[in-house]
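Q: Take a look at this one; I'll ask things after.
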Amino acid sequence: MEESKVPQDNIVTYANNRKAMYATDNSGHYNVVASSGWEVEEEATMQAVHELDRLASEAYQRVLQGEKSALYFHMYNCRMDLQVLSESTGLFKWRIKRHFRPSVFHNLPENILKRYESALGISPEELCKLPKRGKKNG
Amino acid sequence: MDRQKQVTFQHNHFAHCESGVMSLMMSHHGLPLSEAMVFGLSGALMFAYIPFVKLGGMPLIAYRSRPKSIIKGLQKNLGIRMQMHTFKKPAKGMSALDKLLEKGKIIGAQSSVFWLPYFPPEMRFHFNAHNLIIYGKNEEQYLISDPVFETTKLCAAKDLEKARFVKGMMAPKGLLYYPSHIPEHIDYKKIIPKVIRRNAKAMLKTPVPIAGIRGIRALAKSIGKLDRKDPRWAKLFLGHIVRMQEEIGTGGAGFRFIYASFLQEAGSILNNQDLEKASRQMTAVGDQWREFALLAVTAIRRRKGKSIDFTVIRDKLNSVANAEAGVYKELLQIKPA
């Protein structure tokens, strides 16, 4: 890539940061050039972010309707899925799935709740309820 | 708490975390090595498409070899020795870090991107193999040199602890590292051709159909079959490929431009015209990778109902594979100077 072709699209996902790109100058010599982003990258990143947001708001609705426990929402709100939550708590997937049932979740012992709190980085009060709509963490 | 020592240390902006950290660290210890040289000499250029390993529900796609392979490859190829420590208990890992900082060392650390507060929110995903340098501490904040950022950063102790001790895939386990031995003389004329040939061979002659050039072709084949999948998943898959190629600090085109820069630098060290030619060819391959990314994202943009012609994207990727294979075939012929 030539220096003049290094994209400077000021993409939102960089939040005013710049990334180092490798590009050639007029004489074909490689240099590091700071780039404010490429639209193509922005679209790919935003697609992933939107997908995570969509999963979180779907989960929010299901918790609101009493179908699932608050844990289900917090998992998606923390940009995790069952696999990541399972790995970061050390709990089996089937156990976590069981904890998605509101009746089971309400009776969980302190030590299990602690594992969820530390994996999700939230306080005990936050873990047990839904945040007000529109509020996002991370 | 005592105010701790902060060493004089020059931060620099690089494309990739692991090669950037190693370049900063080697230069700090008197062995000036550019990021491109670190990357090339470690032989970390790769391609892998592993459909049965899922990251966030998506198959693993990598444009370089596995995390830590840059550190390990550099040790092996240059004769550098690194001290590496992991910890079971976070408290121990944090106090070990403080002790090393007191000795005036700069320390490489592995961490999770998601839990580092200085990352922009849109960039925070659960990726646990991010590398950075810690070069000091004031009160409760650590001084961080993260090579993928333009300037140095601060990070509160509790956030750094969280980022260093997340559990899960590629868990950092508080990994800290620093060099314990750096050779005084490095025989580049001997090492460079060897490393280049070995890397080219790894790309061309993999025994498994999911790595190297065969991996690229396997990915192309999967893209060709996307019309049978759920359209939304198909679009997410295409986006995922582009993110692995461009978003995660690769210097553009999934490390191909960094490698071209390495070939150029190697060419001038060895005074070898063939390497300079190979560098130009690799640049052209990188440009093709970027065209492929553009095609993929254009397909994502398509509105619902309109079908995507996956065969065009597949064919583009196959032609990238052919061009890249061509460069490696020439690199196999490189002779020691």
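Following the order of the structure tokens, first chain is A, next is B, and so on, with residues numbered from 1 inside each chain and ligands from 1 in the order they appear.
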Which residues of chain B come within 7 Å of chain A, and for each one, what is the closest pair of atoms and their distance in Å to one decimal, counting only C-alpha atoms, sorted by chain and residue number, as JSON lines?
A:
{"residue": "B:His13", "atom": "CA", "partner": "A:Ala20", "partner_atom": "CA", "distance": 6.5}
{"residue": "B:Phe14", "atom": "CA", "partner": "A:Ala20", "partner_atom": "CA", "distance": 5.4}
{"residue": "B:Ala15", "atom": "CA", "partner": "A:Ala20", "partner_atom": "CA", "distance": 4.6}
{"residue": "B:Gly56", "atom": "CA", "partner": "A:Asp81", "partner_atom": "CA", "distance": 6.8}
{"residue": "B:Pro120", "atom": "CA", "partner": "A:Ala15", "partner_atom": "CA", "distance": 6.0}
{"residue": "B:Pro121", "atom": "CA", "partner": "A:Gly138", "partner_atom": "CA", "distance": 5.9}
{"residue": "B:Glu122", "atom": "CA", "partner": "A:Thr13", "partner_atom": "CA", "distance": 5.3}
{"residue": "B:Met123", "atom": "CA", "partner": "A:Thr13", "partner_atom": "CA", "distance": 6.6}
{"residue": "B:Phe125", "atom": "CA", "partner": "A:Arg79", "partner_atom": "CA", "distance": 6.9}
{"residue": "B:Val148", "atom": "CA", "partner": "A:Lys19", "partner_atom": "CA", "distance": 6.5}
{"residue": "B:Phe149", "atom": "CA", "partner": "A:Lys19", "partner_atom": "CA", "distance": 6.9}
{"residue": "B:Glu150", "atom": "CA", "partner": "A:Arg18", "partner_atom": "CA", "distance": 6.8}
{"residue": "B:Val166", "atom": "CA", "partner": "A:Ser88", "partner_atom": "CA", "distance": 6.6}
{"residue": "B:Lys167", "atom": "CA", "partner": "A:Ser88", "partner_atom": "CA", "distance": 4.5}
{"residue": "B:Gly168", "atom": "CA", "partner": "A:Glu87", "partner_atom": "CA", "distance": 4.3}
{"residue": "B:Met169", "atom": "CA", "partner": "A:Glu87", "partner_atom": "CA", "distance": 6.9}
{"residue": "B:Gly239", "atom": "CA", "partner": "A:Ala44", "partner_atom": "CA", "distance": 4.7}
{"residue": "B:Val242", "atom": "CA", "partner": "A:Ala44", "partner_atom": "CA", "distance": 6.4}
{"residue": "B:Arg243", "atom": "CA", "partner": "A:Ala44", "partner_atom": "CA", "distance": 6.0}
{"residue": "B:Glu246", "atom": "CA", "partner": "A:Glu41", "partner_atom": "CA", "distance": 6.2}
{"residue": "B:Glu247", "atom": "CA", "partner": "A:Glu41", "partner_atom": "CA", "distance": 6.1}
{"residue": "B:Gly251", "atom": "CA", "partner": "A:Met21", "partner_atom": "CA", "distance": 4.3}
{"residue": "B:Gly252", "atom": "CA", "partner": "A:Met21", "partner_atom": "CA", "distance": 5.9}
{"residue": "B:Phe257", "atom": "CA", "partner": "A:Tyr22", "partner_atom": "CA", "distance": 5.7}
{"residue": "B:Ile258", "atom": "CA", "partner": "A:Tyr22", "partner_atom": "CA", "distance": 6.0}
{"residue": "B:Ser261", "atom": "CA", "partner": "A:Tyr30", "partner_atom": "CA", "distance": 5.6}
{"residue": "B:Thr283", "atom": "CA", "partner": "A:Met1", "partner_atom": "CA", "distance": 6.5}
{"residue": "B:Asp287", "atom": "CA", "partner": "A:Met1", "partner_atom": "CA", "distance": 6.1}
{"residue": "B:Leu294", "atom": "CA", "partner": "A:Val40", "partner_atom": "CA", "distance": 6.2}
{"residue": "B:Val297", "atom": "CA", "partner": "A:Val40", "partner_atom": "CA", "distance": 6.2}
Q: Take the residues from that selection and put them in a file with C-alpha atoms, as a PDB file, in the first residue's frame.
A:
ATOM      1  CA  HIS B  13       3.577   3.408  17.975  1.00  0.00           C
ATOM      2  CA  PHE B  14       3.385   0.032  16.261  1.00  0.00           C
ATOM      3  CA  ALA B  15       0.869  -2.004  14.314  1.00  0.00           C
ATOM      4  CA  GLY B  56     -17.465 -15.841  19.930  1.00  0.00           C
ATOM      5  CA  PRO B 120     -12.330   2.574  23.136  1.00  0.00           C
ATOM      6  CA  PRO B 121     -15.642   0.793  23.931  1.00  0.00           C
ATOM      7  CA  GLU B 122     -16.138  -0.356  20.331  1.00  0.00           C
ATOM      8  CA  MET B 123     -12.786  -2.142  20.425  1.00  0.00           C
ATOM      9  CA  PHE B 125     -13.916  -7.688  22.867  1.00  0.00           C
ATOM     10  CA  VAL B 148      -0.878  -0.137  19.394  1.00  0.00           C
ATOM     11  CA  PHE B 149      -1.620   3.291  20.890  1.00  0.00           C
ATOM     12  CA  GLU B 150       0.112   6.506  19.873  1.00  0.00           C
ATOM     13  CA  VAL B 166      -9.171 -13.247  33.423  1.00  0.00           C
ATOM     14  CA  LYS B 167      -9.885 -16.907  32.944  1.00  0.00           C
ATOM     15  CA  GLY B 168     -10.819 -18.698  29.772  1.00  0.00           C
ATOM     16  CA  MET B 169      -9.358 -19.332  26.341  1.00  0.00           C
ATOM     17  CA  GLY B 239     -17.382  -9.432   8.702  1.00  0.00           C
ATOM     18  CA  VAL B 242     -12.349  -8.735   7.718  1.00  0.00           C
ATOM     19  CA  ARG B 243     -12.024  -7.988  11.435  1.00  0.00           C
ATOM     20  CA  GLU B 246      -7.772  -5.465   9.560  1.00  0.00           C
ATOM     21  CA  GLU B 247      -9.174  -4.615  12.982  1.00  0.00           C
ATOM     22  CA  GLY B 251      -0.531  -3.161  10.019  1.00  0.00           C
ATOM     23  CA  GLY B 252      -2.961  -3.728   7.174  1.00  0.00           C
ATOM     24  CA  PHE B 257       2.468  -5.372   4.675  1.00  0.00           C
ATOM     25  CA  ILE B 258       4.593  -5.823   7.803  1.00  0.00           C
ATOM     26  CA  SER B 261       8.541  -4.294   5.109  1.00  0.00           C
ATOM     27  CA  THR B 283       3.036  -5.596  -1.111  1.00  0.00           C
ATOM     28  CA  ASP B 287      -3.148  -4.886  -1.775  1.00  0.00           C
ATOM     29  CA  LEU B 294     -13.575  -4.435   0.371  1.00  0.00           C
ATOM     30  CA  VAL B 297     -17.786  -5.647   3.246  1.00  0.00           C
TER      31      VAL B 297
END
Q: DSSP says alpha helix (DSSP H) for which residues of chain A? Put them as a PDB file with N, CA and C atoms, in the first residue's frame?
A:
ATOM      1  N   GLU A  39     -12.973   2.816   6.400  1.00  0.00           N
ATOM      2  CA  GLU A  39     -14.428   2.584   6.439  1.00  0.00           C
ATOM      3  C   GLU A  39     -14.772   1.099   6.457  1.00  0.00           C
ATOM      4  N   VAL A  40     -14.017   0.341   5.657  1.00  0.00           N
ATOM      5  CA  VAL A  40     -14.275  -1.102   5.552  1.00  0.00           C
ATOM      6  C   VAL A  40     -14.134  -1.772   6.920  1.00  0.00           C
ATOM      7  N   GLU A  41     -13.067  -1.396   7.626  1.00  0.00           N
ATOM      8  CA  GLU A  41     -12.861  -1.946   8.968  1.00  0.00           C
ATOM      9  C   GLU A  41     -13.971  -1.490   9.910  1.00  0.00           C
ATOM     10  N   GLU A  42     -14.345  -0.209   9.799  1.00  0.00           N
ATOM     11  CA  GLU A  42     -15.396   0.333  10.653  1.00  0.00           C
ATOM     12  C   GLU A  42     -16.693  -0.461  10.494  1.00  0.00           C
ATOM     13  N   GLU A  43     -17.034  -0.752   9.233  1.00  0.00           N
ATOM     14  CA  GLU A  43     -18.283  -1.480   9.005  1.00  0.00           C
ATOM     15  C   GLU A  43     -18.240  -2.871   9.601  1.00  0.00           C
ATOM     16  N   ALA A  44     -17.081  -3.537   9.452  1.00  0.00           N
ATOM     17  CA  ALA A  44     -16.958  -4.886  10.003  1.00  0.00           C
ATOM     18  C   ALA A  44     -17.045  -4.839  11.530  1.00  0.00           C
ATOM     19  N   THR A  45     -16.371  -3.865  12.147  1.00  0.00           N
ATOM     20  CA  THR A  45     -16.409  -3.772  13.611  1.00  0.00           C
ATOM     21  C   THR A  45     -17.815  -3.432  14.090  1.00  0.00           C
ATOM     22  N   MET A  46     -18.450  -2.460  13.422  1.00  0.00           N
ATOM     23  CA  MET A  46     -19.781  -2.039  13.858  1.00  0.00           C
ATOM     24  C   MET A  46     -20.794  -3.166  13.681  1.00  0.00           C
ATOM     25  N   GLN A  47     -20.599  -3.978  12.639  1.00  0.00           N
ATOM     26  CA  GLN A  47     -21.485  -5.123  12.454  1.00  0.00           C
ATOM     27  C   GLN A  47     -21.414  -6.037  13.682  1.00  0.00           C
ATOM     28  N   ALA A  48     -20.196  -6.277  14.156  1.00  0.00           N
ATOM     29  CA  ALA A  48     -20.023  -7.142  15.324  1.00  0.00           C
ATOM     30  C   ALA A  48     -20.621  -6.483  16.568  1.00  0.00           C
ATOM     31  N   VAL A  49     -20.387  -5.160  16.724  1.00  0.00           N
ATOM     32  CA  VAL A  49     -20.917  -4.448  17.886  1.00  0.00           C
ATOM     33  C   VAL A  49     -22.450  -4.466  17.868  1.00  0.00           C
ATOM     34  N   HIS A  50     -23.034  -4.218  16.694  1.00  0.00           N
ATOM     35  CA  HIS A  50     -24.497  -4.242  16.588  1.00  0.00           C
ATOM     36  C   HIS A  50     -25.067  -5.605  16.916  1.00  0.00           C
ATOM     37  N   GLU A  51     -24.373  -6.645  16.466  1.00  0.00           N
ATOM     38  CA  GLU A  51     -24.833  -7.995  16.748  1.00  0.00           C
ATOM     39  C   GLU A  51     -24.837  -8.237  18.265  1.00  0.00           C
ATOM     40  N   LEU A  52     -23.772  -7.779  18.945  1.00  0.00           N
ATOM     41  CA  LEU A  52     -23.699  -7.949  20.404  1.00  0.00           C
ATOM     42  C   LEU A  52     -24.812  -7.143  21.090  1.00  0.00           C
ATOM     43  N   ASP A  53     -25.059  -5.921  20.589  1.00  0.00           N
ATOM     44  CA  ASP A  53     -26.130  -5.098  21.155  1.00  0.00           C
ATOM     45  C   ASP A  53     -27.494  -5.751  20.953  1.00  0.00           C
ATOM     46  N   ARG A  54     -27.676  -6.340  19.755  1.00  0.00           N
ATOM     47  CA  ARG A  54     -28.941  -6.982  19.454  1.00  0.00           C
ATOM     48  C   ARG A  54     -29.191  -8.149  20.412  1.00  0.00           C
ATOM     49  N   LEU A  55     -28.137  -8.963  20.628  1.00  0.00           N
ATOM     50  CA  LEU A  55     -28.268 -10.090  21.538  1.00  0.00           C
ATOM     51  C   LEU A  55     -28.601  -9.597  22.948  1.00  0.00           C
ATOM     52  N   ALA A  56     -27.955  -8.488  23.360  1.00  0.00           N
ATOM     53  CA  ALA A  56     -28.190  -7.974  24.712  1.00  0.00           C
ATOM     54  C   ALA A  56     -29.617  -7.461  24.847  1.00  0.00           C
ATOM     55  N   SER A  57     -30.131  -6.775  23.824  1.00  0.00           N
ATOM     56  CA  SER A  57     -31.478  -6.234  24.014  1.00  0.00           C
ATOM     57  C   SER A  57     -32.539  -7.319  23.883  1.00  0.00           C
ATOM     58  N   GLU A  58     -32.265  -8.350  23.061  1.00  0.00           N
ATOM     59  CA  GLU A  58     -33.177  -9.500  23.029  1.00  0.00           C
ATOM     60  C   GLU A  58     -33.240 -10.168  24.393  1.00  0.00           C
ATOM     61  N   ALA A  59     -32.043 -10.324  24.989  1.00  0.00           N
ATOM     62  CA  ALA A  59     -31.968 -10.949  26.307  1.00  0.00           C
ATOM     63  C   ALA A  59     -32.718 -10.094  27.326  1.00  0.00           C
ATOM     64  N   TYR A  60     -32.569  -8.785  27.217  1.00  0.00           N
ATOM     65  CA  TYR A  60     -33.241  -7.860  28.130  1.00  0.00           C
ATOM     66  C   TYR A  60     -34.748  -8.107  28.131  1.00  0.00           C
ATOM     67  N   GLN A  61     -35.309  -8.235  26.918  1.00  0.00           N
ATOM     68  CA  GLN A  61     -36.747  -8.476  26.800  1.00  0.00           C
ATOM     69  C   GLN A  61     -37.151  -9.796  27.456  1.00  0.00           C
ATOM     70  N   ARG A  62     -36.356 -10.811  27.217  1.00  0.00           N
ATOM     71  CA  ARG A  62     -36.706 -12.138  27.752  1.00  0.00           C
ATOM     72  C   ARG A  62     -36.638 -12.154  29.273  1.00  0.00           C
ATOM     73  N   VAL A  63     -35.684 -11.382  29.832  1.00  0.00           N
ATOM     74  CA  VAL A  63     -35.599 -11.303  31.289  1.00  0.00           C
ATOM     75  C   VAL A  63     -36.803 -10.528  31.817  1.00  0.00           C
ATOM     76  N   LEU A  64     -37.139  -9.466  31.101  1.00  0.00           N
ATOM     77  CA  LEU A  64     -38.268  -8.623  31.499  1.00  0.00           C
ATOM     78  C   LEU A  64     -39.563  -9.434  31.546  1.00  0.00           C
ATOM     79  N   ALA A  70     -31.769 -12.643  35.402  1.00  0.00           N
ATOM     80  CA  ALA A  70     -30.968 -11.457  35.046  1.00  0.00           C
ATOM     81  C   ALA A  70     -29.580 -11.844  34.541  1.00  0.00           C
ATOM     82  N   LEU A  71     -29.077 -12.983  35.016  1.00  0.00           N
ATOM     83  CA  LEU A  71     -27.760 -13.456  34.588  1.00  0.00           C
ATOM     84  C   LEU A  71     -27.664 -13.538  33.060  1.00  0.00           C
ATOM     85  N   TYR A  72     -28.764 -13.970  32.448  1.00  0.00           N
ATOM     86  CA  TYR A  72     -28.812 -14.145  30.992  1.00  0.00           C
ATOM     87  C   TYR A  72     -28.541 -12.820  30.285  1.00  0.00           C
ATOM     88  N   PHE A  73     -29.137 -11.757  30.793  1.00  0.00           N
ATOM     89  CA  PHE A  73     -28.894 -10.432  30.221  1.00  0.00           C
ATOM     90  C   PHE A  73     -27.455  -9.980  30.477  1.00  0.00           C
ATOM     91  N   HIS A  74     -26.981 -10.135  31.718  1.00  0.00           N
ATOM     92  CA  HIS A  74     -25.647  -9.635  32.050  1.00  0.00           C
ATOM     93  C   HIS A  74     -24.565 -10.315  31.220  1.00  0.00           C
ATOM     94  N   MET A  75     -24.776 -11.591  30.905  1.00  0.00           N
ATOM     95  CA  MET A  75     -23.806 -12.301  30.078  1.00  0.00           C
ATOM     96  C   MET A  75     -23.655 -11.608  28.721  1.00  0.00           C
ATOM     97  N   TYR A  76     -24.780 -11.332  28.066  1.00  0.00           N
ATOM     98  CA  TYR A  76     -24.707 -10.686  26.756  1.00  0.00           C
ATOM     99  C   TYR A  76     -24.274  -9.232  26.876  1.00  0.00           C
ATOM    100  N   ASN A  77     -24.690  -8.565  27.958  1.00  0.00           N
ATOM    101  CA  ASN A  77     -24.330  -7.169  28.149  1.00  0.00           C
ATOM    102  C   ASN A  77     -22.816  -7.020  28.336  1.00  0.00           C
ATOM    103  N   LEU A  82     -22.253 -18.137  26.083  1.00  0.00           N
ATOM    104  CA  LEU A  82     -22.215 -19.212  27.062  1.00  0.00           C
ATOM    105  C   LEU A  82     -20.804 -19.763  27.228  1.00  0.00           C
ATOM    106  N   GLN A  83     -20.098 -19.903  26.090  1.00  0.00           N
ATOM    107  CA  GLN A  83     -18.751 -20.466  26.151  1.00  0.00           C
ATOM    108  C   GLN A  83     -17.800 -19.592  26.967  1.00  0.00           C
ATOM    109  N   VAL A  84     -17.806 -18.283  26.678  1.00  0.00           N
ATOM    110  CA  VAL A  84     -16.888 -17.384  27.390  1.00  0.00           C
ATOM    111  C   VAL A  84     -17.239 -17.329  28.871  1.00  0.00           C
ATOM    112  N   LEU A  85     -18.545 -17.269  29.174  1.00  0.00           N
ATOM    113  CA  LEU A  85     -18.952 -17.214  30.585  1.00  0.00           C
ATOM    114  C   LEU A  85     -18.557 -18.502  31.306  1.00  0.00           C
ATOM    115  N   SER A  86     -18.712 -19.618  30.609  1.00  0.00           N
ATOM    116  CA  SER A  86     -18.346 -20.894  31.196  1.00  0.00           C
ATOM    117  C   SER A  86     -16.839 -20.948  31.479  1.00  0.00           C
ATOM    118  N   GLU A  87     -16.048 -20.484  30.504  1.00  0.00           N
ATOM    119  CA  GLU A  87     -14.588 -20.499  30.693  1.00  0.00           C
ATOM    120  C   GLU A  87     -14.163 -19.539  31.800  1.00  0.00           C
ATOM    121  N   SER A  88     -14.835 -18.377  31.891  1.00  0.00           N
ATOM    122  CA  SER A  88     -14.323 -17.389  32.832  1.00  0.00           C
ATOM    123  C   SER A  88     -14.854 -17.598  34.246  1.00  0.00           C
ATOM    124  N   THR A  89     -15.873 -18.462  34.404  1.00  0.00           N
ATOM    125  CA  THR A  89     -16.316 -18.777  35.762  1.00  0.00           C
ATOM    126  C   THR A  89     -15.838 -20.157  36.197  1.00  0.00           C
ATOM    127  N   LYS A  93     -21.283 -25.524  31.218  1.00  0.00           N
ATOM    128  CA  LYS A  93     -22.344 -24.828  30.478  1.00  0.00           C
ATOM    129  C   LYS A  93     -23.730 -25.223  30.961  1.00  0.00           C
ATOM    130  N   TRP A  94     -23.912 -26.524  31.236  1.00  0.00           N
ATOM    131  CA  TRP A  94     -25.256 -26.967  31.631  1.00  0.00           C
ATOM    132  C   TRP A  94     -25.672 -26.338  32.945  1.00  0.00           C
ATOM    133  N   ARG A  95     -24.687 -26.085  33.814  1.00  0.00           N
ATOM    134  CA  ARG A  95     -25.036 -25.450  35.091  1.00  0.00           C
ATOM    135  C   ARG A  95     -25.457 -23.999  34.858  1.00  0.00           C
ATOM    136  N   ILE A  96     -24.704 -23.335  34.002  1.00  0.00           N
ATOM    137  CA  ILE A  96     -25.037 -21.927  33.722  1.00  0.00           C
ATOM    138  C   ILE A  96     -26.422 -21.846  33.094  1.00  0.00           C
ATOM    139  N   LYS A  97     -26.680 -22.766  32.153  1.00  0.00           N
ATOM    140  CA  LYS A  97     -27.988 -22.777  31.496  1.00  0.00           C
ATOM    141  C   LYS A  97     -29.100 -22.939  32.526  1.00  0.00           C
ATOM    142  N   ARG A  98     -28.832 -23.776  33.519  1.00  0.00           N
ATOM    143  CA  ARG A  98     -29.812 -23.986  34.577  1.00  0.00           C
ATOM    144  C   ARG A  98     -30.010 -22.690  35.365  1.00  0.00           C
ATOM    145  N   HIS A  99     -28.896 -21.972  35.559  1.00  0.00           N
ATOM    146  CA  HIS A  99     -28.989 -20.719  36.307  1.00  0.00           C
ATOM    147  C   HIS A  99     -29.706 -19.622  35.533  1.00  0.00           C
ATOM    148  N   PRO A 102     -35.154 -18.363  36.167  1.00  0.00           N
ATOM    149  CA  PRO A 102     -35.318 -17.424  37.285  1.00  0.00           C
ATOM    150  C   PRO A 102     -35.462 -18.132  38.631  1.00  0.00           C
ATOM    151  N   SER A 103     -36.236 -19.234  38.680  1.00  0.00           N
ATOM    152  CA  SER A 103     -36.469 -19.884  39.968  1.00  0.00           C
ATOM    153  C   SER A 103     -35.168 -20.437  40.552  1.00  0.00           C
ATOM    154  N   VAL A 104     -34.299 -20.959  39.690  1.00  0.00           N
ATOM    155  CA  VAL A 104     -33.028 -21.503  40.161  1.00  0.00           C
ATOM    156  C   VAL A 104     -32.095 -20.368  40.572  1.00  0.00           C
ATOM    157  N   PHE A 105     -32.057 -19.328  39.753  1.00  0.00           N
ATOM    158  CA  PHE A 105     -31.133 -18.222  39.984  1.00  0.00           C
ATOM    159  C   PHE A 105     -31.385 -17.549  41.340  1.00  0.00           C
ATOM    160  N   HIS A 106     -32.679 -17.422  41.700  1.00  0.00           N
ATOM    161  CA  HIS A 106     -33.018 -16.732  42.955  1.00  0.00           C
ATOM    162  C   HIS A 106     -32.488 -17.453  44.181  1.00  0.00           C
ATOM    163  N   GLU A 110     -24.269 -17.977  47.815  1.00  0.00           N
ATOM    164  CA  GLU A 110     -23.349 -16.835  47.722  1.00  0.00           C
ATOM    165  C   GLU A 110     -22.113 -17.138  46.865  1.00  0.00           C
ATOM    166  N   ASN A 111     -21.491 -18.326  47.082  1.00  0.00           N
ATOM    167  CA  ASN A 111     -20.211 -18.587  46.402  1.00  0.00           C
ATOM    168  C   ASN A 111     -20.360 -18.669  44.879  1.00  0.00           C
ATOM    169  N   ILE A 112     -21.498 -19.166  44.412  1.00  0.00           N
ATOM    170  CA  ILE A 112     -21.723 -19.221  42.960  1.00  0.00           C
ATOM    171  C   ILE A 112     -21.942 -17.804  42.422  1.00  0.00           C
ATOM    172  N   LEU A 113     -22.735 -17.028  43.160  1.00  0.00           N
ATOM    173  CA  LEU A 113     -22.984 -15.645  42.734  1.00  0.00           C
ATOM    174  C   LEU A 113     -21.672 -14.868  42.639  1.00  0.00           C
ATOM    175  N   LYS A 114     -20.782 -15.115  43.610  1.00  0.00           N
ATOM    176  CA  LYS A 114     -19.476 -14.433  43.621  1.00  0.00           C
ATOM    177  C   LYS A 114     -18.701 -14.706  42.340  1.00  0.00           C
ATOM    178  N   ARG A 115     -18.776 -15.958  41.869  1.00  0.00           N
ATOM    179  CA  ARG A 115     -18.038 -16.298  40.647  1.00  0.00           C
ATOM    180  C   ARG A 115     -18.578 -15.532  39.455  1.00  0.00           C
ATOM    181  N   TYR A 116     -19.901 -15.398  39.423  1.00  0.00           N
ATOM    182  CA  TYR A 116     -20.489 -14.609  38.332  1.00  0.00           C
ATOM    183  C   TYR A 116     -20.102 -13.138  38.459  1.00  0.00           C
ATOM    184  N   GLU A 117     -20.147 -12.624  39.703  1.00  0.00           N
ATOM    185  CA  GLU A 117     -19.817 -11.215  39.908  1.00  0.00           C
ATOM    186  C   GLU A 117     -18.402 -10.915  39.420  1.00  0.00           C
ATOM    187  N   SER A 118     -17.464 -11.785  39.774  1.00  0.00           N
ATOM    188  CA  SER A 118     -16.089 -11.455  39.403  1.00  0.00           C
ATOM    189  C   SER A 118     -15.866 -11.648  37.904  1.00  0.00           C
ATOM    190  N   ALA A 119     -16.509 -12.660  37.306  1.00  0.00           N
ATOM    191  CA  ALA A 119     -16.332 -12.860  35.867  1.00  0.00           C
ATOM    192  C   ALA A 119     -16.939 -11.704  35.073  1.00  0.00           C
ATOM    193  N   LEU A 120     -18.078 -11.199  35.547  1.00  0.00           N
ATOM    194  CA  LEU A 120     -18.763 -10.137  34.809  1.00  0.00           C
ATOM    195  C   LEU A 120     -18.353  -8.746  35.265  1.00  0.00           C
ATOM    196  N   PRO A 124     -22.939  -7.366  43.531  1.00  0.00           N
ATOM    197  CA  PRO A 124     -24.048  -8.301  43.797  1.00  0.00           C
ATOM    198  C   PRO A 124     -25.419  -7.681  43.491  1.00  0.00           C
ATOM    199  N   GLU A 125     -25.561  -6.405  43.824  1.00  0.00           N
ATOM    200  CA  GLU A 125     -26.869  -5.760  43.560  1.00  0.00           C
ATOM    201  C   GLU A 125     -27.137  -5.717  42.063  1.00  0.00           C
ATOM    202  N   GLU A 126     -26.103  -5.355  41.299  1.00  0.00           N
ATOM    203  CA  GLU A 126     -26.273  -5.260  39.840  1.00  0.00           C
ATOM    204  C   GLU A 126     -26.607  -6.612  39.232  1.00  0.00           C
ATOM    205  N   LEU A 127     -25.957  -7.661  39.744  1.00  0.00           N
ATOM    206  CA  LEU A 127     -26.120  -8.985  39.150  1.00  0.00           C
ATOM    207  C   LEU A 127     -27.566  -9.470  39.246  1.00  0.00           C
ATOM    208  N   CYS A 128     -28.254  -9.127  40.332  1.00  0.00           N
ATOM    209  CA  CYS A 128     -29.559  -9.718  40.574  1.00  0.00           C
ATOM    210  C   CYS A 128     -30.722  -8.962  39.949  1.00  0.00           C
TER     211      CYS A 128
END
Q: Would you mind reading off the distance between CA of Leu175 in chain B and CA of Ser112 in chain B, one decimal, in Å?
A: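 It comes out at 11.3 Å.
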Q: What's the separation between CA of Leu275 in chain B and CA of Ala260 in chain B, in Å to one decimal place?
A: 9.3 Å
Q: What gap, in Å, lies between CA of Ile134 in chain B and CA of Gly108 in chain B?
A: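 Between CA of Ile134 in chain B and CA of Gly108 in chain B the gap is 6.4 Å.
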Q: Report as a Markdown table: every residue of range 7-64 of chain B with an atom at most 8 Å from range 180-204 of chain B, its closest pair of atoms, and their distance in Å to one decimal, counting only C-alpha atoms, with rows sorted by chain and ascending residue number.
A:
| residue | atom | partner | partner_atom | distance |
| --- | --- | --- | --- | --- |
| B:Leu31 | CA | B:Ile182 | CA | 7.7 |
| B:Gly40 | CA | B:Ile196 | CA | 7.6 |
| B:Leu41 | CA | B:Val195 | CA | 6.3 |
| B:Ser42 | CA | B:Val195 | CA | 7.7 |
| B:Gly43 | CA | B:Asn199 | CA | 5.5 |
| B:Ala44 | CA | B:Asn199 | CA | 7.7 |
| B:Leu45 | CA | B:Asn199 | CA | 7.1 |
| B:Met46 | CA | B:Met203 | CA | 6.5 |
| B:Phe47 | CA | B:Met203 | CA | 7.5 |
Q: Among range 92-184 of chain B, which residues does DSSP mark as strand (DSSP E) when it is run on the backbone? Keep the chain and numbering as in the structure and answer as a PyMOL selection string.
A: chain B and resi 107-111+130-138+141-145+153-156+176-181
Q: From the list B:Ile300, B:Ile210, B:Ala163, B:Cys155, which residue is nearest Asn128 in chain B when using only C-alpha atoms?
A: B:Ala163
